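Data first, discussion second: the structure below is written as structure tokens.
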Number of protein chains: 4
Amino acid sequence: MQLKITNGTIVTPFESFKADIGIENSKIAAIGDLSTLSAEKTLDARGMYVFPGIIDVHTHFETMGGGGVKTADNFFTGTRAAALGGVTTIIDFTKQEKGEFVKEAVHRRYLQAMDQVCIDFGLHSLFTDLSQDSFNAIPDVVMDGYSTLKLFTTYKKTGFLVEDGELLETIRKAHASKGMVILHAENDYLCEYFTEKNIAEGKLAPEYHPLSRPNIAEAEAVSKAALFAGYTNSLLYIVHLSTSEGAEIIRQARSRGVPIMAETCPQYLVLNDDKYLETNGHYHIATPPLRKKTDQDKLWEGIQEGSISVVSTDHCSFTTAQKDKGKESFKDVPPGIPGTETLLPLMHHFGVNHNRISLNKLVEVLCHNPAKIFGMYPNKGTLTVGTDADIVIFDPNKKVRLGTDTLHMGSDYSPYEGIEVQGYPSTTILRGNIIVENGQFLGEKGFGQFIRRKQPQYV
Amino acid sequence: MQLKITNGTIVTPFESFKADIGIENSKIAAIGDLSTLSAEKTLDARGMYVFPGIIDVHTHFETMGGGGVKTADNFFTGTRAAALGGVTTIIDFTKQEKGEFVKEAVHRRYLQAMDQVCIDFGLHSLFTDLSQDSFNAIPDVVMDGYSTLKLFTTYKKTGFLVEDGELLETIRKAHASKGMVILHAENDYLCEYFTEKNIAEGKLAPEYHPLSRPNIAEAEAVSKAALFAGYTNSLLYIVHLSTSEGAEIIRQARSRGVPIMAETCPQYLVLNDDKYLETNGHYHIATPPLRKKTDQDKLWEGIQEGSISVVSTDHCSFTTAQKDKGKESFKDVPPGIPGTETLLPLMHHFGVNHNRISLNKLVEVLCHNPAKIFGMYPNKGTLTVGTDADIVIFDPNKKVRLGTDTLHMGSDYSPYEGIEVQGYPSTTILRGNIIVENGQFLGEKGFGQFIRRKQPQYV
Amino acid sequence: MQLKITNGTIVTPFESFKADIGIENSKIAAIGDLSTLSAEKTLDARGMYVFPGIIDVHTHFETMGGGGVKTADNFFTGTRAAALGGVTTIIDFTKQEKGEFVKEAVHRRYLQAMDQVCIDFGLHSLFTDLSQDSFNAIPDVVMDGYSTLKLFTTYKKTGFLVEDGELLETIRKAHASKGMVILHAENDYLCEYFTEKNIAEGKLAPEYHPLSRPNIAEAEAVSKAALFAGYTNSLLYIVHLSTSEGAEIIRQARSRGVPIMAETCPQYLVLNDDKYLETNGHYHIATPPLRKKTDQDKLWEGIQEGSISVVSTDHCSFTTAQKDKGKESFKDVPPGIPGTETLLPLMHHFGVNHNRISLNKLVEVLCHNPAKIFGMYPNKGTLTVGTDADIVIFDPNKKVRLGTDTLHMGSDYSPYEGIEVQGYPSTTILRGNIIVENGQFLGEKGFGQFIRRKQPQYV
Amino acid sequence: MQLKITNGTIVTPFESFKADIGIENSKIAAIGDLSTLSAEKTLDARGMYVFPGIIDVHTHFETMGGGGVKTADNFFTGTRAAALGGVTTIIDFTKQEKGEFVKEAVHRRYLQAMDQVCIDFGLHSLFTDLSQDSFNAIPDVVMDGYSTLKLFTTYKKTGFLVEDGELLETIRKAHASKGMVILHAENDYLCEYFTEKNIAEGKLAPEYHPLSRPNIAEAEAVSKAALFAGYTNSLLYIVHLSTSEGAEIIRQARSRGVPIMAETCPQYLVLNDDKYLETNGHYHIATPPLRKKTDQDKLWEGIQEGSISVVSTDHCSFTTAQKDKGKESFKDVPPGIPGTETLLPLMHHFGVNHNRISLNKLVEVLCHNPAKIFGMYPNKGTLTVGTDADIVIFDPNKKVRLGTDTLHMGSDYSPYEGIEVQGYPSTTILRGNIIVENGQFLGEKGFGQFIRRKQPQYV
């Protein structure tokens, strides 16, 4: 064996048990009492959890954000921070410019990421232009592994919004092509209406951000999405769900047999709109906005009972200087919050330690479901013989005070500054290679591989 | 007594029984065995049904239709035909021009109708411009009796569409002002998408009309409307529901406690999209389009079990010459179908005779519910002592072959041409005045009164 | 006209309106402004409500109760008190002795009541013996007008319990014969178990009565009944529903389409088990027992939303001397509570005055539904031209302190002693005859008629 | 390693993958590519499935059946046949005689089985007498590992029926004691009624058996059980569910949150009541009876969607001579059907081959769920490192014609005679010991161990 991890507690979505793991040729070669097997290197995981590598299916690295500012993390710094947080795979986004042929757009982004990434990566294909050529290219794009198409029901002004005709037909076409639409679901007309109203009334403080994109805006778009998914009998995935109304609509639709799925993010589970009343409340502006305590509770409940399938980060980091462009008006703040490095520690601390979810559920929503839904299973997302040896060794007792001094992302602030979590990733292994050991980054730029993703599955 | 109706079977939503009716001062003064009472005039209704006067809450008389053509019925010819069909009250629409102050618009229309109408009438206030002034005027408009505000989710090109922000807030404001929004619910973006697609592919025949405004377009708009009504806890009324999907959404929303109501029309109950394959199929173009047999069945079921509260006509008559403007393309046909005169006979024949609804249910959806929902109860919509003596004497045995020779509406064709119905109104009484007797019109222009309608009620 | 009631507010399940009523030949002959009609006698009902005569479908007059004691009211005193409370029709019970031919039993009871009753009456046919002869006689018994068959799932020791095979088949047979089973639904095995347990533990105080017949005992029997009604697709009626669990089961079954109906009684709506802690708590022992506040709330809710169709009394009066037989043990108290005289005042005061139900709903559950369900409609239960002139004139302002000094039933105590109600019946008219006027009884023994009841209807 | 199984496809409820299994000290020691590990013995499973050992939670070996006849299988022959069918654990029943102290009863049975069994075994504690002593002993019996208490709602005549008071309280008490009631749910009163009726009418042929224990009898008892489980919030398990009505009640109760579970048996999935029309139809008499095709479909659906959690056999074998005692009347046939040996082959053939369930679902209902529900997990029911090495190697291509010549159970007939299944167990391993190899029994009497079962879990 090339590498052995001994004495740890292996955690899968279904079971937790003590066993060794043997790795050869970048794959898991054996699980069990491997004491009689020799190995080139052995990691002792006594007292540790052994998880599958975490998958963050929603990041925005090296991206132009609102107001023409570029995110503070590029593919290198972003994936390095991710690795330090136990993440072994991310899925980021391509971006089709208006009029651009979509296959050009995805290839351009692929080249940009390729030499920079420290961990494995996939790319969602973001469509802004659904001309006939783009529409016809969908099967090709899916086959090339960009099998999940990102669409928006908002941001009409900046050219992202897809009108309902194109939305319905793209949902149908993506599914028929063995791909899937993933949707940013906020009703743009409601958001614009309340935003303009608040601005007109001089209500510019950060606390007016959630009032400008109210819960009903998400609820309406999620409701429409569920209707379209049901009508076309097509898989559909809602990104960054933030409201109790949205969660309830998803729950009901699934129980009626509609093949819809949803993710939420740690910021919607751990933070709430009180943040906007703090000094520098504008640092916390993201779309959708932070919501109320009652929304948090419903989202945790959705994870618990299975109607929310994934937790990702929507990582989109800016510096305080960039955020300060909107010091005077919430409207001018580039929206986005950093998060990929803190995904696992936050979910473990506020989920498992706080008794909201089990350890097995943690692995389900951070590893197993993301891999299945996004066409990477069983290579990614599980600890089974024959699969990629993507592994996190996690110390359940290590306490870390989150903040810019302990984290490695590009932002010079953290929304979780000062929060102490118990439990932290110690060692990260990607395809059998130790890229983080005892919190030290050992990886290298360009080591990550592009994942040509297969057909999405409903979970 | 001024007038007695003797020996008929009085039909209410709850009961059918034999009794005489005595009328004095335009009101019902007594019900019972009135044989000992003398009267100036007596109508013998032996073998007849005695219904409350029919209320058609959805007509378009004297209106500019699509393509700049004027409807074939003005307020005089329209209400005369209505009276001959047993209708004693209609509700038509005002129309706010873009930029026009809404109170001007409603007053203009009031003056236009006032001297022309043969029967009583109300007016829905149609808003096309929800500027702050219009929005602020809502309580005034409601108080003046135009208590139901017509909005559209479609016809963006011709300026009718109201975007979601305005829609949500108007639903809330109308309800708070003791009024109610009534909504033409079709998703414009879906309709435009499929219409443009069909035109681009040269699919111009009438049969492409329903494919250009597919069921999902109505379903989506109804679903959004239900969400908004629930979110604001405001009464809302959907006009001319045509699809099984829409009916199911209404049913489910109501069972969850959402205060939403809906009407459908005889054309969606009696006709289907086979009509578009006939010679002159384009005569039958209306929006929403005629649908499938399965939609008909679900709509009848909705009436039967109570989730559809009203049947009205959406009467909008054109001549064949006007319709022929779209001989080459369904897109150029002014949409609309005549119907107010045939409302009662069709619903009786295809509903009661065909065992889909009871006589009592007929009175419920044509009289009782319209009056309650539209703030005219108990003066209109019932046969109780003290209420307006609006009465139809209906001969259940009279057979009439529908067609231009037997009908009196402005169109020179009928969508029901050649259909023989059994059961027909014989005599119509408005506030104690006989305006139709044995099928002869005795009314006069300008005799109708404007009804300053009160707060809508949920049924 | 023989009799006119002028200026009152007529209340039906659907409407309230001011009108006069004219009566001739014991029927309602006219409703309306009858000022020009002369009448032999006129009752001025200004400021009064005019209700249909109240129907109490569940009384036990002149009956042997538990422990061999005879009820304190016979058919004369019972129906006289009923009349004073606004009741114009009661339905009491026959009783088949073991081995007795059922047609004998019903005839015997008919003869017993006939010359005694002051108001009209029907009889439920109580079966204790479902031998083949009895079973075969069901169609006959139904046709003779005893169309509702009373069965018990409890009282095995005293021979009332019908085992499940007989129960299922009798439900089916009664329905097929155009009759209906009405069921005392308490699980005897649960009642016996908890009763014996309490007695064994020396828990003999009245407060152990409800613990000996716990909510689950009723819930289980109601659940089984609903299953049997659904399985055989047969009408079924549950008497004296007392628990929130039972009410919820009824609600759900009805919404699934099961043709089941239920009544409750004022004692379960107005009183609760605190009564058992009072001095002489044993006076309030009835089966089922008084329940909790939460049960009351659910029962009112059931009436309000329509899943409970009737309120009756289960009138079964004993004297304090008789009740005192069980002073030492709840088990020895003859179970039963008087109530027919207070039915209307209590339901008006605690229902209408306390804003739990509307005036129209009051008439629905005390008049309209009882008449429909028990095959007496439209002669009884409504105020429509042509029906029996059974009428109560009700003074909504009259205050009465309930107690033995103001009431006329056979018990020398009242469970409602000292409660002041606002609103009281003033005048009672049976088939056009004034039997109570201004609170004075004017009726006579034997004036009541037997009602040969027709097929029960589902409401 | 003591034993290696190489090259097989490992099947768990969640995944199927190729890997070797290494066994040491009766436990699974490693899973993976174990080619470099030496082993004392190696089984090549190329082309084979590797399942966890099958668990049959419902057998009746060495038991007195109806009519005083003893089953044809004792603990030795029964468990030997089970092993040949891939079963490594059975749960049989103790039997408390009336008046016997329950701890005596369970110990007596333990001693009887102990030296005879070839595979591991548990025992359900059957209560026929719930006197205070028995009731008080429940926690003790549970703690001794007989943690599931068998009760009956039928067989009153032979002393098995438990009345509702005892039933309710035992459900509650068992749960509170960390045990669980498992229930034979048929309404005895309905069964007796219809049985007596058929006998009285001379309807004695086998086809009258299902008509004597009709679907409503099971439905009623299941419905009551669900009510009691919900009311006491206690785990409850229904054995041998046979009807579509029962399955629907279970499904609805679970979706309302009631902690109820159910098993069905191959005979209800594969056979139907046509069997009773065959020559020797009486061989197939069991209680509950074989049902209709529509019942089969609903049961498969229940397994598929998860409302039925387990498939067991209710193995109760008799010889044709014993069965012939009831040649003249279905009533005299000792009820029961053999089945433990055919459990896996039938479920694989009619479930997996016929596309009704997946391979993973097969393992879920035959291994994983039985182990969890009956407190044996994770030692039994799964293939994970550290658990008991109970393993079946299954040849998916082997065809076997079922019949007395190929089977080893004590009956001299088989209900499945002549059916050819594709797929058959080849080798059975119990705690690392090969007890069947290539279809040859290698085990020994008394090698099985008693499993002191822990707290049941809801699945």
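In the structure tokens, each chain is lettered A, B, ... as it comes, each chain's residues begin at 1, and ligands are numbered from 1 in order of appearance.
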
Using the chain letters and numbers from this document, which residues of region 294-405 of chain A does DSSP assign to alpha helix (DSSP H), as an NGL selection string?
:A and (294-305 or 320-324 or 343-346 or 359-363 or 369-373)

Proximity check chain D to chain A, 7 Å, nearest pairs one decimal Å, only C-alpha atoms, as a tab-separated table:
residue	atom	partner	partner_atom	distance
D:Ala19	CA	A:Val385	CA	6.5
D:Ala29	CA	A:Gly32	CA	5.0
D:Ala30	CA	A:Gly32	CA	3.5
D:Ile31	CA	A:Ile31	CA	4.9
D:Gly32	CA	A:Ala30	CA	3.6
D:Asp33	CA	A:Ala29	CA	5.1
D:Leu34	CA	A:Ala30	CA	6.7
D:Val385	CA	A:Gly32	CA	5.2

Selected residues written out, N, CA, C and O atoms, as a short mmCIF file (atom, residue, chain, number, x, y, z; two decimals), in the first residue's frame:
data_model
loop_
_atom_site.label_atom_id
_atom_site.label_comp_id
_atom_site.auth_asym_id
_atom_site.auth_seq_id
_atom_site.Cartn_x
_atom_site.Cartn_y
_atom_site.Cartn_z
N ALA D 19 -15.34 -5.86 -4.74
CA ALA D 19 -14.26 -5.83 -3.76
C ALA D 19 -14.13 -7.21 -3.13
O ALA D 19 -15.03 -8.05 -3.20
N ALA D 29 -13.01 -8.26 8.52
CA ALA D 29 -11.82 -7.55 8.94
C ALA D 29 -11.39 -6.53 7.90
O ALA D 29 -10.74 -5.53 8.23
N ALA D 30 -11.71 -6.75 6.65
CA ALA D 30 -11.32 -5.80 5.61
C ALA D 30 -12.17 -5.98 4.38
O ALA D 30 -12.67 -7.07 4.11
N ILE D 31 -12.35 -4.88 3.66
CA ILE D 31 -13.06 -4.90 2.39
C ILE D 31 -12.18 -4.15 1.40
O ILE D 31 -11.71 -3.06 1.70
N GLY D 32 -11.98 -4.69 0.23
CA GLY D 32 -11.19 -3.94 -0.75
C GLY D 32 -10.43 -4.86 -1.66
O GLY D 32 -10.77 -6.03 -1.84
N ASP D 33 -9.41 -4.32 -2.26
CA ASP D 33 -8.52 -5.13 -3.08
C ASP D 33 -7.54 -5.80 -2.12
O ASP D 33 -6.58 -5.19 -1.68
N LEU D 34 -7.85 -7.02 -1.79
CA LEU D 34 -7.05 -7.70 -0.77
C LEU D 34 -6.14 -8.73 -1.42
O LEU D 34 -5.75 -9.73 -0.80
N VAL D 385 -16.89 -3.35 7.96
CA VAL D 385 -15.76 -3.80 8.76
C VAL D 385 -16.13 -3.83 10.23
O VAL D 385 -16.70 -2.87 10.75
#

Using only C-alpha atoms, determine which residues lie at most 10 Å from Arg401 (chain B), disregarding the query and same-chain residues fewer than 3 positions distant; provide the list as a short mmCIF file (atom, residue, chain, number, x, y, z; two decimals) with N, CA and C atoms, in the first residue's frame.
data_model
loop_
_atom_site.label_atom_id
_atom_site.label_comp_id
_atom_site.auth_asym_id
_atom_site.auth_seq_id
_atom_site.Cartn_x
_atom_site.Cartn_y
_atom_site.Cartn_z
N THR B 404 -77.60 32.60 -35.44
CA THR B 404 -77.79 34.04 -35.63
C THR B 404 -79.26 34.39 -35.83
N ASP B 405 -80.04 33.43 -36.29
CA ASP B 405 -81.47 33.75 -36.49
C ASP B 405 -82.25 33.75 -35.19
N THR B 406 -81.76 33.05 -34.19
CA THR B 406 -82.50 33.02 -32.91
C THR B 406 -81.87 33.95 -31.87
N LEU B 407 -80.68 34.42 -32.12
CA LEU B 407 -79.98 35.25 -31.13
C LEU B 407 -79.94 36.71 -31.57
N TYR B 416 -71.95 28.69 -31.31
CA TYR B 416 -72.81 27.57 -30.93
C TYR B 416 -73.82 27.26 -32.02
N GLU B 417 -73.61 27.82 -33.20
CA GLU B 417 -74.52 27.68 -34.34
C GLU B 417 -74.99 26.23 -34.49
N GLY B 418 -76.29 26.06 -34.48
CA GLY B 418 -76.83 24.74 -34.76
C GLY B 418 -77.03 23.85 -33.54
N ILE B 419 -76.52 24.26 -32.43
CA ILE B 419 -76.73 23.46 -31.21
C ILE B 419 -78.16 23.66 -30.71
N GLU B 420 -78.88 22.59 -30.47
CA GLU B 420 -80.22 22.72 -29.93
C GLU B 420 -80.19 22.53 -28.42
N VAL B 421 -80.67 23.53 -27.72
CA VAL B 421 -80.75 23.39 -26.28
C VAL B 421 -82.20 23.20 -25.87
N GLN B 422 -82.40 22.47 -24.78
CA GLN B 422 -83.74 22.36 -24.21
C GLN B 422 -83.77 23.15 -22.93
#

Spatial neighbours of region 291-294 of chain D, max dist 10 Å, only C-alpha atoms, sep filter under 3 positions, as a ChimeraX atom specification:
/D:210-211,214-215,242-244,267-275,288,297-299

Residues at most 9 Å from Gly99 (chain D), counting only C-alpha atoms, excluding those fewer than 4 positions away in the same chain, as a ChimeraX atom specification?
/D:128-129,131

Generate a file of the selected residues that holds N, CA, C and O atoms, formatted as a PDB file, in the first residue's frame.
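selection_31.pdb was written with the following content:
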ATOM      1  N   THR D 128     -49.756 -14.602  26.129  1.00  0.00           N
ATOM      2  CA  THR D 128     -51.174 -14.942  26.026  1.00  0.00           C
ATOM      3  C   THR D 128     -51.910 -14.521  27.295  1.00  0.00           C
ATOM      4  O   THR D 128     -53.119 -14.538  27.343  1.00  0.00           O
ATOM      5  N   ASP D 129     -51.131 -14.156  28.272  1.00  0.00           N
ATOM      6  CA  ASP D 129     -51.729 -13.883  29.580  1.00  0.00           C
ATOM      7  C   ASP D 129     -51.087 -12.608  30.099  1.00  0.00           C
ATOM      8  O   ASP D 129     -49.880 -12.566  30.358  1.00  0.00           O
ATOM      9  N   SER D 131     -51.754 -10.914  32.887  1.00  0.00           N
ATOM     10  CA  SER D 131     -51.982 -10.668  34.305  1.00  0.00           C
ATOM     11  C   SER D 131     -50.937  -9.684  34.805  1.00  0.00           C
ATOM     12  O   SER D 131     -49.935  -9.424  34.143  1.00  0.00           O
TER      13      SER D 131
END

Excluding same-chain residues fewer than 5 positions from Ser317 (chain D), what lies within 12 Å of it counting only C-alpha atoms, as a CSV table (one decimal) with N, CA, C and O atoms, in the first residue's frame?
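As written to disk, selection23.csv reads:
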chain,number,residue,atom,x,y,z
D,59,THR,N,-40.4,-17.1,12.0
D,59,THR,CA,-40.6,-18.6,11.8
D,59,THR,C,-41.3,-19.2,12.9
D,59,THR,O,-41.3,-18.7,14.1
D,60,HIS,N,-41.9,-20.4,12.6
D,60,HIS,CA,-42.5,-21.2,13.6
D,60,HIS,C,-42.0,-22.6,13.5
D,60,HIS,O,-42.5,-23.5,12.8
D,61,PHE,N,-40.9,-22.9,14.2
D,61,PHE,CA,-40.3,-24.3,14.2
D,61,PHE,C,-40.8,-25.0,15.4
D,61,PHE,O,-41.0,-24.3,16.5
D,62,GLU,N,-40.9,-26.3,15.3
D,62,GLU,CA,-41.2,-27.1,16.5
D,62,GLU,C,-42.3,-26.5,17.4
D,62,GLU,O,-42.2,-26.2,18.5
D,63,THR,N,-43.5,-26.3,16.7
D,63,THR,CA,-44.6,-25.6,17.3
D,63,THR,C,-45.8,-26.4,17.2
D,63,THR,O,-46.0,-27.0,16.1
D,64,MET,N,-46.7,-26.3,18.2
D,64,MET,CA,-48.0,-26.9,18.1
D,64,MET,C,-48.9,-26.0,17.3
D,64,MET,O,-49.1,-24.8,17.7
D,65,GLY,N,-49.4,-26.4,16.1
D,65,GLY,CA,-50.3,-25.6,15.3
D,65,GLY,C,-51.7,-25.8,15.6
D,65,GLY,O,-52.1,-26.5,16.6
D,66,GLY,N,-52.6,-25.3,14.8
D,66,GLY,CA,-54.0,-25.4,14.9
D,66,GLY,C,-54.4,-26.9,14.9
D,66,GLY,O,-53.8,-27.7,14.2
D,69,VAL,N,-51.6,-30.2,16.0
D,69,VAL,CA,-50.6,-30.9,15.2
D,69,VAL,C,-49.3,-30.2,15.3
D,69,VAL,O,-49.3,-28.9,15.5
D,70,LYS,N,-48.2,-30.9,15.3
D,70,LYS,CA,-46.9,-30.3,15.5
D,70,LYS,C,-46.3,-30.0,14.1
D,70,LYS,O,-46.4,-30.8,13.2
D,71,THR,N,-45.6,-28.9,14.0
D,71,THR,CA,-45.1,-28.5,12.7
D,71,THR,C,-44.1,-29.5,12.2
D,71,THR,O,-43.4,-30.2,13.0
D,72,ALA,N,-43.9,-29.6,10.9
D,72,ALA,CA,-43.1,-30.6,10.3
D,72,ALA,C,-41.6,-30.3,10.4
D,72,ALA,O,-40.7,-31.2,10.2
D,73,ASP,N,-41.3,-29.1,10.8
D,73,ASP,CA,-39.9,-28.7,11.0
D,73,ASP,C,-39.6,-28.5,12.4
D,73,ASP,O,-40.3,-27.7,13.1
D,74,ASN,N,-38.5,-29.1,12.9
D,74,ASN,CA,-38.0,-28.7,14.3
D,74,ASN,C,-36.9,-27.7,14.1
D,74,ASN,O,-36.6,-27.3,13.0
D,75,PHE,N,-36.3,-27.3,15.2
D,75,PHE,CA,-35.3,-26.3,15.1
D,75,PHE,C,-34.1,-26.8,14.3
D,75,PHE,O,-33.4,-26.0,13.6
D,77,THR,N,-34.1,-29.2,11.6
D,77,THR,CA,-34.4,-29.3,10.2
D,77,THR,C,-34.7,-27.9,9.6
D,77,THR,O,-34.4,-27.6,8.5
D,78,GLY,N,-35.4,-27.1,10.4
D,78,GLY,CA,-35.8,-25.8,10.0
D,78,GLY,C,-34.6,-24.9,9.7
D,78,GLY,O,-34.5,-24.3,8.7
D,81,ALA,N,-32.5,-26.0,6.7
D,81,ALA,CA,-33.1,-25.6,5.4
D,81,ALA,C,-32.9,-24.1,5.2
D,81,ALA,O,-32.6,-23.6,4.1
D,283,TYR,N,-53.8,-27.2,0.9
D,283,TYR,CA,-52.4,-27.1,1.3
D,283,TYR,C,-52.0,-25.7,1.5
D,283,TYR,O,-51.0,-25.4,2.2
D,284,HIS,N,-52.7,-24.7,0.9
D,284,HIS,CA,-52.2,-23.3,0.9
D,284,HIS,C,-52.9,-22.5,1.9
D,284,HIS,O,-52.8,-21.2,1.9
D,285,ILE,N,-53.7,-23.1,2.8
D,285,ILE,CA,-54.3,-22.4,3.8
D,285,ILE,C,-53.4,-21.9,4.9
D,285,ILE,O,-52.6,-22.6,5.4
D,286,ALA,N,-53.4,-20.6,5.0
D,286,ALA,CA,-52.6,-19.9,6.1
D,286,ALA,C,-53.4,-18.8,6.6
D,286,ALA,O,-54.4,-18.4,5.9
D,322,GLN,N,-51.0,-34.0,7.5
D,322,GLN,CA,-51.6,-33.1,8.5
D,322,GLN,C,-52.6,-32.1,7.9
D,322,GLN,O,-53.6,-31.9,8.4
D,323,LYS,N,-52.2,-31.6,6.7
D,323,LYS,CA,-53.1,-30.7,6.0
D,323,LYS,C,-54.5,-31.4,5.7
D,323,LYS,O,-55.5,-30.8,5.7
D,334,PRO,N,-54.8,-27.2,9.6
D,334,PRO,CA,-53.8,-26.4,10.4
D,334,PRO,C,-53.2,-25.4,9.4
D,334,PRO,O,-52.7,-25.7,8.4
D,335,PRO,N,-53.4,-24.1,9.8
D,335,PRO,CA,-53.0,-23.0,8.9
D,335,PRO,C,-51.4,-22.8,8.9
D,335,PRO,O,-50.8,-22.9,10.0
D,336,GLY,N,-50.8,-22.7,7.8
D,336,GLY,CA,-49.4,-22.4,7.7
D,336,GLY,C,-48.8,-22.9,6.4
D,336,GLY,O,-49.3,-23.9,5.8
D,337,ILE,N,-47.7,-22.3,6.0
D,337,ILE,CA,-47.0,-22.6,4.8
D,337,ILE,C,-45.5,-22.6,5.1
D,337,ILE,O,-45.0,-21.7,5.8
D,338,PRO,N,-44.8,-23.5,4.5
D,338,PRO,CA,-43.3,-23.5,4.6
D,338,PRO,C,-42.7,-22.4,3.8
D,338,PRO,O,-43.3,-21.9,2.8
D,339,GLY,N,-41.5,-21.9,4.2
D,339,GLY,CA,-41.0,-20.8,3.3
D,339,GLY,C,-39.6,-20.3,3.6
D,339,GLY,O,-39.1,-19.6,2.8
D,340,THR,N,-39.0,-20.7,4.7
D,340,THR,CA,-37.7,-20.0,5.0
D,340,THR,C,-36.6,-20.3,4.0
D,340,THR,O,-35.8,-19.4,3.7
D,341,GLU,N,-36.6,-21.4,3.4
D,341,GLU,CA,-35.6,-21.8,2.5
D,341,GLU,C,-35.7,-21.1,1.1
D,341,GLU,O,-34.8,-20.8,0.4
D,408,HIS,N,-35.5,-28.6,1.2
D,408,HIS,CA,-35.1,-29.4,2.4
D,408,HIS,C,-35.9,-29.2,3.6
D,408,HIS,O,-35.5,-29.6,4.7
D,409,MET,N,-37.0,-28.6,3.4
D,409,MET,CA,-37.9,-28.3,4.6
D,409,MET,C,-38.7,-29.5,4.9
D,409,MET,O,-38.8,-30.5,4.1
D,410,GLY,N,-39.4,-29.5,6.0
D,410,GLY,CA,-40.1,-30.7,6.5
D,410,GLY,C,-41.4,-31.1,5.8
D,410,GLY,O,-41.8,-32.2,5.9
D,411,SER,N,-41.9,-30.1,5.1
D,411,SER,CA,-43.2,-30.5,4.4
D,411,SER,C,-42.9,-31.4,3.2
D,411,SER,O,-41.9,-31.3,2.5
D,412,ASP,N,-43.9,-32.2,2.9
D,412,ASP,CA,-43.7,-33.1,1.7
D,412,ASP,C,-44.5,-32.5,0.5
D,412,ASP,O,-44.9,-33.2,-0.4
D,413,TYR,N,-44.6,-31.2,0.5
D,413,TYR,CA,-45.1,-30.5,-0.7
D,413,TYR,C,-44.6,-29.1,-0.6
D,413,TYR,O,-44.0,-28.7,0.4
D,414,SER,N,-44.6,-28.4,-1.7
D,414,SER,CA,-44.2,-27.0,-1.7
D,414,SER,C,-45.3,-26.1,-2.4
D,414,SER,O,-45.8,-26.5,-3.4
D,415,PRO,N,-45.6,-25.0,-1.8
D,415,PRO,CA,-46.6,-24.1,-2.4
D,415,PRO,C,-46.1,-23.6,-3.8
D,415,PRO,O,-46.8,-23.0,-4.6
